[in-house]
Each structure stands twice: as structure tokens, then as C-alpha cells.
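Taking it in order: structure first as C-alpha cells, then the write-up.
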Amino acid sequence: MDNAIEARGLVKTYRGDVRALDGVSLVAETGTVFGLLGPNGAGKSTTVKILTTLSRPNAGEARVAGYDVVREAAKVRLAIGCVAQKSGLDPAATGRENLMLQGRVYGMRGRELKGRAQELLERFGLDAAADRTVRTYSGGMQRKLDVAVGLMHRPQVLFLDEPTTGLDPEARVDMWSEIARLSGEEGLTILLTTHYLDEADRLARRLAIVDQGRVVAEGAPDELKAELRGDAIVVELEEQPHDGEVTRVLAHIADLHDVAVEARTLRARAESGAHMVPTVLAALESAGVAVASVGVSRPSLDDVYLRYAGKAFCEDDAEVKR
Amino acid sequence: MNNALADSWFMTVRHLRNLFRQPAWIAISLIQPVVWLLLYGALFRRIVEIPGFGASSYIDFLTPGIVVMTCLFSAGWSGMGLIDDLDRGVVDRFLVSPASRGSLIAGRLIQGAMVGVIQAVIIIVLGLAIGATYPGGIAGLTALTVCAVLLGTAIGALSNGVALLSRREETMIAVSNFVLLPMTFLSSVFMAQALMPQWMQDVAQYNPVNWAVQAGRAALAANGDWGIVFSRMGYLVVFTVVCTWLATRAFRVYQRSI
Ligand SMILES: Nc1ncnc2c1ncn2[C@@H]1O[C@H](COP(=O)(O)OP(=O)(O)OP(=O)(O)O)[C@@H](O)[C@H]1O
Ligand SMILES: [Mg+2]
């Protein structure tokens, strides 16, 4: 089996005509990390729910670990581990009890069960807290235990729905190295959803950007960045320009493309950013548009996202925090 | 099938353990029946003097009623824990595992039944301490407990069904408050059926709480009418089956909504 996860044309609608998924297709090669990126409500969790057999698609089909998620759901369940966006831990039970119950429903018993629980507690640095109720765990500890619970029965395919959301930078780096280790040393296939582009960039062999229930871009992070060809130029203006004013001013500059204005921010792309900046500034100045600051950057996943979903990623994140 | 039984047992253990980790819950569920027994026992003590009441000691009359009422109320709130599990994603975690789907409800019902038996024993002993007599003996007490637990299982299934459909604690509280007390007062828990207004007697005939109380009292009587015991027990079994079926329907509705 070359592809541990294959989904074709997944559609999911919820009552009240919410079209959560509108034809999602993706393929994750066995033993790799696949990243699913997208803003809030894009359909990441819905995709995970369908691939983990929790929810049924209205149309389309998917195979996970070689089995059909609808017709062979029971076989899929044995092969996968899932760390959902919502923790799913029992707060009144201890860390160890959570692990043991998880193992039991997968048919683990006796020494194998105890040994595996202890092994995971140690690996995730939870052995000191193992016999405390989960209610007393910090957010980072709970997220680690979530992952440990998902790994309890040694799944072949692991789904991680926003595993690092809410973690401090240190805990996030820990989680990253754990994820990298799982796919590297243990050969797990991992589907990871995230809001963080750097996370996907760093961990994922391939990734898909979803927006409004559709995959808007798919490929290896480097491929996606290469597609953009050229540097990003970002100009902060003193004042918000009139509609179309700036675009008109810059329209005649050769080799400058993807010009977009959002509030006071002007973005554009050019083969060589450093050479293009003086031309852009001169054009703006002659049109009487005052500039506050200018930046040039190599293409990043942020730009990829911007290109495909048409709005800056960080602004979506800001909405979450509000 | 083997799996389903094992899973149900694992879930039962989980719920029992979590319950026994709540000292406040243990204290309240021990004290509440005591309060009911003492309070209502004192309040209505002289009620037996009303001609036609048909019992000579109110404590004898009340104790089986309190056993049934306690199981009813514990069961009525059974769905609260499920709402918590749904909110936290615990149910979804087990749904993506091979755990038997039935075990997610069955575990709660079995736990409820076990707690029900413990509560029944405590109330029976307490009743004895304050002067109740049980001429029906062990057989009678067992029949009473079985009926109370059957009622509790049925109501517990309904409560879990409401939890799955509403997924809101407020709705759960409103429904339980709306249903539990009227069900109690529309039965012969506190008052002999013969002395109730006619319309109440008519309603009580179809009230599962009343079936459990009637069966329990008949079984505890000196020369109890076991015909009543077994017929009411039969109604309760059917009622339990229907309620459990409804709960599985509610579970389907939940699964379709995610
Ligand atoms: N059970 C449900 N019932 C109704 N609508 C739902 C349900 N689950 C998801 N949706 C809707 O489907 C859409 C996609 O939701 P989904 O949870 O998949 O987004 P997401 O990409 O995981 O977002 P986030 O980053 O916020 O977790 C949203 O519009 C959401 O409101
Ligand atoms: Mg999500």
C-alpha cells in the first residue's frame, strides 16, 4: 500500500445547508506527514472526522490504511489513532487510567497493556503525573496525553487535529520533534491539521490548503513556494488609498505581478524584489501616495496561502483570538 | 458480543470509579434518602389513620416508596455525565475506536443499576433502624430492589436519550425537573392509591413509578399478591426495553449529526 490515505471528492453537508466539504481530494503517501492547512471553518476537522469514520460523507470516497472508511469502518478503526481537536480525555481519571481504558477497548490486556501505558507516559514526560487526575494537568500535559492515548494501540495511521494549538513555544517544539520522530523512526503516516504555516512547512512532506470546503492548493511545501516565482514585496501605506488608485499607478510596471491592496497594505510579486522596490516607490511617490514602510521577502507559505485563499493567514488567526 | 460485554464492563468501571471519586456526591446520595425517609415519615405519619388507607405503619408503607423514588431520581440525572462526555469529545474518541457503540450507554446503565442496588440496601437497612418491618422477607426485598432498578434503568436510558438529543445541561435540568416530581406524586410513593383523586388514580395506573411501588409493596406484604408483583415487573421489563430502544435511536441521531 503506497498511499495510507486516499480521499476523492469528499462532500459533507450539515443541516441548514452548511456545505462543510465541497469535494475534497487528497493523497498521503505511507510513512509521511501530510499537512492540512486552512482558516477557521475551512473543513479540516470535518475531513478528519470522515477519514476517521466518525462521520459519513454525503458523497465521495476515502480509503485509509487500504480500507474504505464507510464500508470497512471497523478495519479502519483498528488501524488508525486519532487525536481530535477537542481533547476527549476523561478529566476525572488519571493519565494512566485514560491510557489503560483506551488500550482495553482495542483489546490489549495484561502486561502488554500496562507496559505500553508506562512506556508512553515516560516517552511524553508524564510519568511523574501518571497517577494524578487529568483535571490537574496543564494544557500542554493534556495535549501530550492526548497524543499518547492516540498512540496506545500502535496505529499505522495517526490523525492529529491541531495538536499544537494553545501550546507555548517550547511545548510546541517538543511536539514537533515527537511528530517528526513518529513518522521518521516508527514509519507512521500522519495527517496533521494546523493553522500554523511554519508547522506545516517544517513537518509536512506534502500539504493541502483548504478553504471553504475545497482544496485550493496541494503539493510539497517547496513546490508550492516555487510556483509563486519571485519575491514578495509588501508596502505599508500612510493612508488607505482610494479604490483602484494604487493598482492603476502600478499597472504599467513590467515584471510586477499579483498586485493586491488590502486596507493600507500593498502586496505584489517580482522576480527580484530588491531591484523592483525603487521602481515601485518612485511610481507611488509620483502619484502622491505616501509610504510608511517597505519589505521584501522570499516566498513563504504565507504567500502561498495568500495567493490561493486570497487573504492573509495571520488575519484569520487574529479573528480566533478576538 | 463478547467484546460488547467486555467494553460495557470497562465503561462501567470507569463510571463507578469517577463516581466514588466525588465525596460530595456520595455524601448527598446517602443523606438524601435519609432525609426523605425521616422527613416524609414524620410529616405524613398520621396519614395511616385516614380510613381506607390500608396500612397500619406509615414507615412500612413509605420505605419501598423511597427506594423506588431514589432510583428514579438518580436515574433521571444519569444523562448529565453523558453531556459532559459529549462536550469533552470523550464519546467521539470512543466512536473512532473499535469500542462497542452499545457499551457507551450500557456502561452508564449498568453503573446506575449497581448504584441503585447499593442505595436500595442502605434505605432498607435505614428503614429497619427506624422501625419498618418487611414481612415479605428476603424474597420481597429482592423483588422490590429488582423493580426499582428496572425502573432506574428505563429512566436512565431516557435520560441519556435526552442528553444525546439536546446536548445541553439546561435542557436536561428542565426536562428532569419537569418529569421526575410529577411522576413521583402521580404514584403511590407517599399516598395510598385508593385515597387519590380519581383522575390521579387513572393516571397512576400507567405510571411506571407506580408499577414499581405497587410491585415492591405487594412483595413486602405478609401474604403478598405475587400476581401483582410479576405483572408489574413484566410491565417494567417492557418499559425498559422500549426506553433502551429509544436511547439507541437517539444515539443514531447523534452520530448522524457529527
Ligand atoms: N456537527 C456540525 N454541525 C453543523 N455544522 C458543522 C458541524 N461540524 C462542522 N460544521 C461546519 O462545517 C464547517 C467546517 O467546519 P470544520 O470544523 O471542519 O472547520 P475547521 O477547518 O476544522 O475549522 P477550525 O480551524 O476552526 O477548527 C464550518 O462551517 C462548521 O460550522
Ligand atoms: Mg477544526
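By order in the C-alpha cells, chains are A, B, ...; within a chain, residues start at 1; ligands start at 1, following the order shown.
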
Considering only C-alpha atoms, extract the chain A residues located within 7 Å of chain B and return them as a compact mmCIF listing (two decimals) with N, CA, C and O atoms, in the first residue's frame.
```txt
# COMPACT_ATOMS: atom_id res chain seq x y z
N THR A 52 -11.62 9.36 9.80
CA THR A 52 -11.52 8.52 10.99
C THR A 52 -12.82 7.76 11.26
O THR A 52 -12.99 7.22 12.35
N THR A 53 -13.74 7.76 10.32
CA THR A 53 -15.01 7.02 10.40
C THR A 53 -16.03 7.60 11.38
O THR A 53 -17.07 7.01 11.62
N LEU A 54 -15.73 8.77 11.95
CA LEU A 54 -16.67 9.33 12.92
C LEU A 54 -17.91 9.82 12.21
O LEU A 54 -19.03 9.72 12.72
N SER A 55 -17.72 10.34 11.01
CA SER A 55 -18.82 10.96 10.31
C SER A 55 -18.83 10.42 8.87
O SER A 55 -17.78 10.05 8.36
N ALA A 74 -14.84 -0.72 10.50
CA ALA A 74 -14.28 -1.43 11.65
C ALA A 74 -12.78 -1.70 11.45
O ALA A 74 -11.99 -1.60 12.39
N ARG A 77 -10.82 1.52 11.86
CA ARG A 77 -10.68 1.92 13.27
C ARG A 77 -9.52 1.22 13.95
O ARG A 77 -8.86 1.80 14.81
N LEU A 78 -9.30 -0.04 13.59
CA LEU A 78 -8.20 -0.76 14.23
C LEU A 78 -6.84 -0.21 13.79
O LEU A 78 -5.86 -0.30 14.51
N LYS A 86 -10.86 18.53 19.93
CA LYS A 86 -11.29 18.51 21.33
C LYS A 86 -10.65 17.31 21.99
O LYS A 86 -10.77 16.20 21.48
N SER A 87 -10.06 17.51 23.14
CA SER A 87 -9.21 16.50 23.74
C SER A 87 -9.83 15.10 23.85
O SER A 87 -9.26 14.14 23.36
N GLY A 88 -10.97 14.98 24.49
CA GLY A 88 -11.54 13.65 24.62
C GLY A 88 -11.01 12.85 25.79
O GLY A 88 -11.30 11.66 25.94
N LEU A 89 -10.21 13.49 26.65
CA LEU A 89 -9.73 12.79 27.83
C LEU A 89 -10.80 12.82 28.91
O LEU A 89 -11.65 13.70 28.94
N ASP A 90 -10.72 11.85 29.80
CA ASP A 90 -11.62 11.82 30.94
C ASP A 90 -10.93 12.55 32.10
O ASP A 90 -9.95 12.06 32.64
N ALA A 92 -11.69 13.09 35.13
CA ALA A 92 -11.78 12.53 36.47
C ALA A 92 -10.89 11.30 36.63
O ALA A 92 -10.71 10.79 37.74
N ALA A 93 -10.34 10.82 35.53
CA ALA A 93 -9.45 9.66 35.60
C ALA A 93 -8.00 10.14 35.55
O ALA A 93 -7.73 11.26 35.11
N VAL A 105 -10.10 -1.03 25.11
CA VAL A 105 -11.11 -1.12 24.06
C VAL A 105 -10.51 -1.57 22.74
O VAL A 105 -11.23 -1.98 21.83
N TYR A 106 -9.18 -1.52 22.65
CA TYR A 106 -8.53 -2.08 21.46
C TYR A 106 -8.12 -3.53 21.70
O TYR A 106 -7.35 -4.11 20.93
```

Query raised in the report: Where does DSSP see helix (DSSP H, G or I) in segment 32-265 of chain A, if you list the residues as an MDAnalysis selection string?
Result: chainID A and resid 44:51 73:79 95:105 110:123 127:129 134:136 139:151 169:184 197:203 221:227 245:250

Write out as JSON lines the residues of chain A that have any atom within 10 Å of an atom of ligand 2, one row each with the nearest atom pair and its distance in Å to one decimal, counting only C-alpha atoms and all ligand atoms, sorted by chain and then rising number.
```
{"residue": "A:Gly38", "atom": "CA", "partner": "ligand 2", "partner_atom_place_in_ligand_line": "1 (Mg)", "distance": 9.3}
{"residue": "A:Pro39", "atom": "CA", "partner": "ligand 2", "partner_atom_place_in_ligand_line": "1 (Mg)", "distance": 9.0}
{"residue": "A:Asn40", "atom": "CA", "partner": "ligand 2", "partner_atom_place_in_ligand_line": "1 (Mg)", "distance": 6.9}
{"residue": "A:Gly41", "atom": "CA", "partner": "ligand 2", "partner_atom_place_in_ligand_line": "1 (Mg)", "distance": 6.9}
{"residue": "A:Ala42", "atom": "CA", "partner": "ligand 2", "partner_atom_place_in_ligand_line": "1 (Mg)", "distance": 8.0}
{"residue": "A:Gly43", "atom": "CA", "partner": "ligand 2", "partner_atom_place_in_ligand_line": "1 (Mg)", "distance": 6.9}
{"residue": "A:Lys44", "atom": "CA", "partner": "ligand 2", "partner_atom_place_in_ligand_line": "1 (Mg)", "distance": 5.4}
{"residue": "A:Ser45", "atom": "CA", "partner": "ligand 2", "partner_atom_place_in_ligand_line": "1 (Mg)", "distance": 4.0}
{"residue": "A:Thr46", "atom": "CA", "partner": "ligand 2", "partner_atom_place_in_ligand_line": "1 (Mg)", "distance": 7.2}
{"residue": "A:Thr47", "atom": "CA", "partner": "ligand 2", "partner_atom_place_in_ligand_line": "1 (Mg)", "distance": 9.1}
{"residue": "A:Val48", "atom": "CA", "partner": "ligand 2", "partner_atom_place_in_ligand_line": "1 (Mg)", "distance": 8.6}
{"residue": "A:Lys49", "atom": "CA", "partner": "ligand 2", "partner_atom_place_in_ligand_line": "1 (Mg)", "distance": 9.7}
{"residue": "A:Ala84", "atom": "CA", "partner": "ligand 2", "partner_atom_place_in_ligand_line": "1 (Mg)", "distance": 8.5}
{"residue": "A:Gln85", "atom": "CA", "partner": "ligand 2", "partner_atom_place_in_ligand_line": "1 (Mg)", "distance": 6.0}
{"residue": "A:Lys86", "atom": "CA", "partner": "ligand 2", "partner_atom_place_in_ligand_line": "1 (Mg)", "distance": 8.8}
{"residue": "A:Asp161", "atom": "CA", "partner": "ligand 2", "partner_atom_place_in_ligand_line": "1 (Mg)", "distance": 6.7}
{"residue": "A:Glu162", "atom": "CA", "partner": "ligand 2", "partner_atom_place_in_ligand_line": "1 (Mg)", "distance": 7.2}
{"residue": "A:Thr193", "atom": "CA", "partner": "ligand 2", "partner_atom_place_in_ligand_line": "1 (Mg)", "distance": 7.9}
{"residue": "A:Thr194", "atom": "CA", "partner": "ligand 2", "partner_atom_place_in_ligand_line": "1 (Mg)", "distance": 8.5}
{"residue": "A:His195", "atom": "CA", "partner": "ligand 2", "partner_atom_place_in_ligand_line": "1 (Mg)", "distance": 9.4}
```

**Report entry** Neighbour list for His275 of chain A as a ChimeraX atom specification, cut-off 12 Å, only C-alpha atoms, skip fewer than 5 positions in-chain
**Finding:** /A:230-231,233,255-256,269-270,280-281,296

Query - Those of segment 34-108 of chain A in DSSP strand (DSSP E), formatted as a list in words - result: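 Secondary structure check on segment 34-108 of chain A, strand (DSSP E): Phe34, Gly35, Leu36, Leu37, Ala59, Gly60, Glu61, Ala62, Arg63, Val64, Tyr67, Asp68, Ile80, Gly81, Cys82 and Val83 of chain A.
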
Query raised in the report: Expressed in Å to a single decimal, how great is the separation between atom CA of Leu141 of chain B and atom CA of Pro208 of chain B?
Result: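 Answer for the atom CA of Leu141 of chain B to atom CA of Pro208 of chain B separation: 18.6 Å.
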
Quick one: residues within 12 Å of Ala282 of chain A, only C-alpha atoms, excluding same-chain residues fewer than 4 positions away - as a PDB file with all heavy atoms, in the first residue's frame?
```pdb
ATOM      1  N   VAL A 249      -1.793  52.925 -10.715  1.00  0.00           N
ATOM      2  CA  VAL A 249      -0.460  53.529 -10.754  1.00  0.00           C
ATOM      3  C   VAL A 249       0.608  52.497 -11.111  1.00  0.00           C
ATOM      4  O   VAL A 249       1.555  52.779 -11.832  1.00  0.00           O
ATOM      5  CB  VAL A 249      -0.141  54.169  -9.384  1.00  0.00           C
ATOM      6  CG1 VAL A 249       1.327  54.566  -9.303  1.00  0.00           C
ATOM      7  CG2 VAL A 249      -1.045  55.347  -9.128  1.00  0.00           C
ATOM      8  N   LEU A 250       0.408  51.261 -10.569  1.00  0.00           N
ATOM      9  CA  LEU A 250       1.462  50.251 -10.739  1.00  0.00           C
ATOM     10  C   LEU A 250       1.263  49.379 -11.975  1.00  0.00           C
ATOM     11  O   LEU A 250       2.111  48.564 -12.307  1.00  0.00           O
ATOM     12  CB  LEU A 250       1.528  49.356  -9.494  1.00  0.00           C
ATOM     13  CG  LEU A 250       1.846  50.081  -8.180  1.00  0.00           C
ATOM     14  CD1 LEU A 250       1.835  49.105  -7.018  1.00  0.00           C
ATOM     15  CD2 LEU A 250       3.200  50.791  -8.256  1.00  0.00           C
ATOM     16  N   ILE A 253       4.047  48.955 -14.717  1.00  0.00           N
ATOM     17  CA  ILE A 253       5.389  48.454 -14.421  1.00  0.00           C
ATOM     18  C   ILE A 253       5.530  47.013 -14.912  1.00  0.00           C
ATOM     19  O   ILE A 253       4.778  46.128 -14.474  1.00  0.00           O
ATOM     20  CB  ILE A 253       5.689  48.510 -12.907  1.00  0.00           C
ATOM     21  CG1 ILE A 253       5.515  49.937 -12.393  1.00  0.00           C
ATOM     22  CG2 ILE A 253       7.090  47.974 -12.611  1.00  0.00           C
ATOM     23  CD1 ILE A 253       5.766  50.100 -10.910  1.00  0.00           C
ATOM     24  N   MET A 276      13.171  45.745  -7.786  1.00  0.00           N
ATOM     25  CA  MET A 276      11.862  46.302  -8.128  1.00  0.00           C
ATOM     26  C   MET A 276      11.439  47.410  -7.177  1.00  0.00           C
ATOM     27  O   MET A 276      10.696  48.320  -7.560  1.00  0.00           O
ATOM     28  CB  MET A 276      10.826  45.164  -8.113  1.00  0.00           C
ATOM     29  CG  MET A 276       9.449  45.551  -8.574  1.00  0.00           C
ATOM     30  SD  MET A 276       9.430  46.297 -10.220  1.00  0.00           S
ATOM     31  CE  MET A 276       9.593  44.863 -11.284  1.00  0.00           C
ATOM     32  N   VAL A 277      11.924  47.354  -5.919  1.00  0.00           N
ATOM     33  CA  VAL A 277      11.454  48.300  -4.902  1.00  0.00           C
ATOM     34  C   VAL A 277      11.592  49.774  -5.315  1.00  0.00           C
ATOM     35  O   VAL A 277      10.624  50.526  -5.222  1.00  0.00           O
ATOM     36  CB  VAL A 277      12.132  48.018  -3.536  1.00  0.00           C
ATOM     37  CG1 VAL A 277      11.956  49.183  -2.574  1.00  0.00           C
ATOM     38  CG2 VAL A 277      11.554  46.756  -2.923  1.00  0.00           C
ATOM     39  N   PRO A 278      12.764  50.198  -5.821  1.00  0.00           N
ATOM     40  CA  PRO A 278      12.884  51.619  -6.192  1.00  0.00           C
ATOM     41  C   PRO A 278      11.837  52.031  -7.230  1.00  0.00           C
ATOM     42  O   PRO A 278      11.243  53.103  -7.115  1.00  0.00           O
ATOM     43  CB  PRO A 278      14.289  51.703  -6.791  1.00  0.00           C
ATOM     44  CG  PRO A 278      15.025  50.551  -6.216  1.00  0.00           C
ATOM     45  CD  PRO A 278      14.035  49.473  -6.020  1.00  0.00           C
ATOM     46  N   SER A 286       5.331  59.502  -7.278  1.00  0.00           N
ATOM     47  CA  SER A 286       4.874  60.405  -8.332  1.00  0.00           C
ATOM     48  C   SER A 286       3.348  60.497  -8.337  1.00  0.00           C
ATOM     49  O   SER A 286       2.785  61.477  -8.786  1.00  0.00           O
ATOM     50  CB  SER A 286       5.406  59.956  -9.687  1.00  0.00           C
ATOM     51  OG  SER A 286       4.801  58.725 -10.017  1.00  0.00           O
ATOM     52  N   ALA A 287       2.672  59.486  -7.802  1.00  0.00           N
ATOM     53  CA  ALA A 287       1.210  59.542  -7.736  1.00  0.00           C
ATOM     54  C   ALA A 287       0.743  60.161  -6.423  1.00  0.00           C
ATOM     55  O   ALA A 287      -0.451  60.249  -6.159  1.00  0.00           O
ATOM     56  CB  ALA A 287       0.624  58.148  -7.886  1.00  0.00           C
ATOM     57  N   GLY A 288       1.701  60.528  -5.576  1.00  0.00           N
ATOM     58  CA  GLY A 288       1.352  61.196  -4.315  1.00  0.00           C
ATOM     59  C   GLY A 288       0.850  60.245  -3.242  1.00  0.00           C
ATOM     60  O   GLY A 288       0.119  60.638  -2.343  1.00  0.00           O
ATOM     61  N   VAL A 289       1.227  58.959  -3.323  1.00  0.00           N
ATOM     62  CA  VAL A 289       0.840  58.001  -2.278  1.00  0.00           C
ATOM     63  C   VAL A 289       1.992  57.890  -1.286  1.00  0.00           C
ATOM     64  O   VAL A 289       3.095  57.485  -1.648  1.00  0.00           O
ATOM     65  CB  VAL A 289       0.530  56.616  -2.885  1.00  0.00           C
ATOM     66  CG1 VAL A 289       0.131  55.633  -1.790  1.00  0.00           C
ATOM     67  CG2 VAL A 289      -0.552  56.720  -3.938  1.00  0.00           C
ATOM     68  N   ALA A 290       1.739  58.255  -0.015  1.00  0.00           N
ATOM     69  CA  ALA A 290       2.814  58.244   0.982  1.00  0.00           C
ATOM     70  C   ALA A 290       3.048  56.836   1.512  1.00  0.00           C
ATOM     71  O   ALA A 290       2.107  56.084   1.763  1.00  0.00           O
ATOM     72  CB  ALA A 290       2.475  59.180   2.123  1.00  0.00           C
ATOM     73  N   VAL A 291       4.323  56.471   1.675  1.00  0.00           N
ATOM     74  CA  VAL A 291       4.700  55.115   2.067  1.00  0.00           C
ATOM     75  C   VAL A 291       5.227  55.110   3.506  1.00  0.00           C
ATOM     76  O   VAL A 291       6.041  55.960   3.870  1.00  0.00           O
ATOM     77  CB  VAL A 291       5.781  54.575   1.105  1.00  0.00           C
ATOM     78  CG1 VAL A 291       6.367  53.275   1.626  1.00  0.00           C
ATOM     79  CG2 VAL A 291       5.187  54.381  -0.282  1.00  0.00           C
TER      80      VAL A 291
END
```
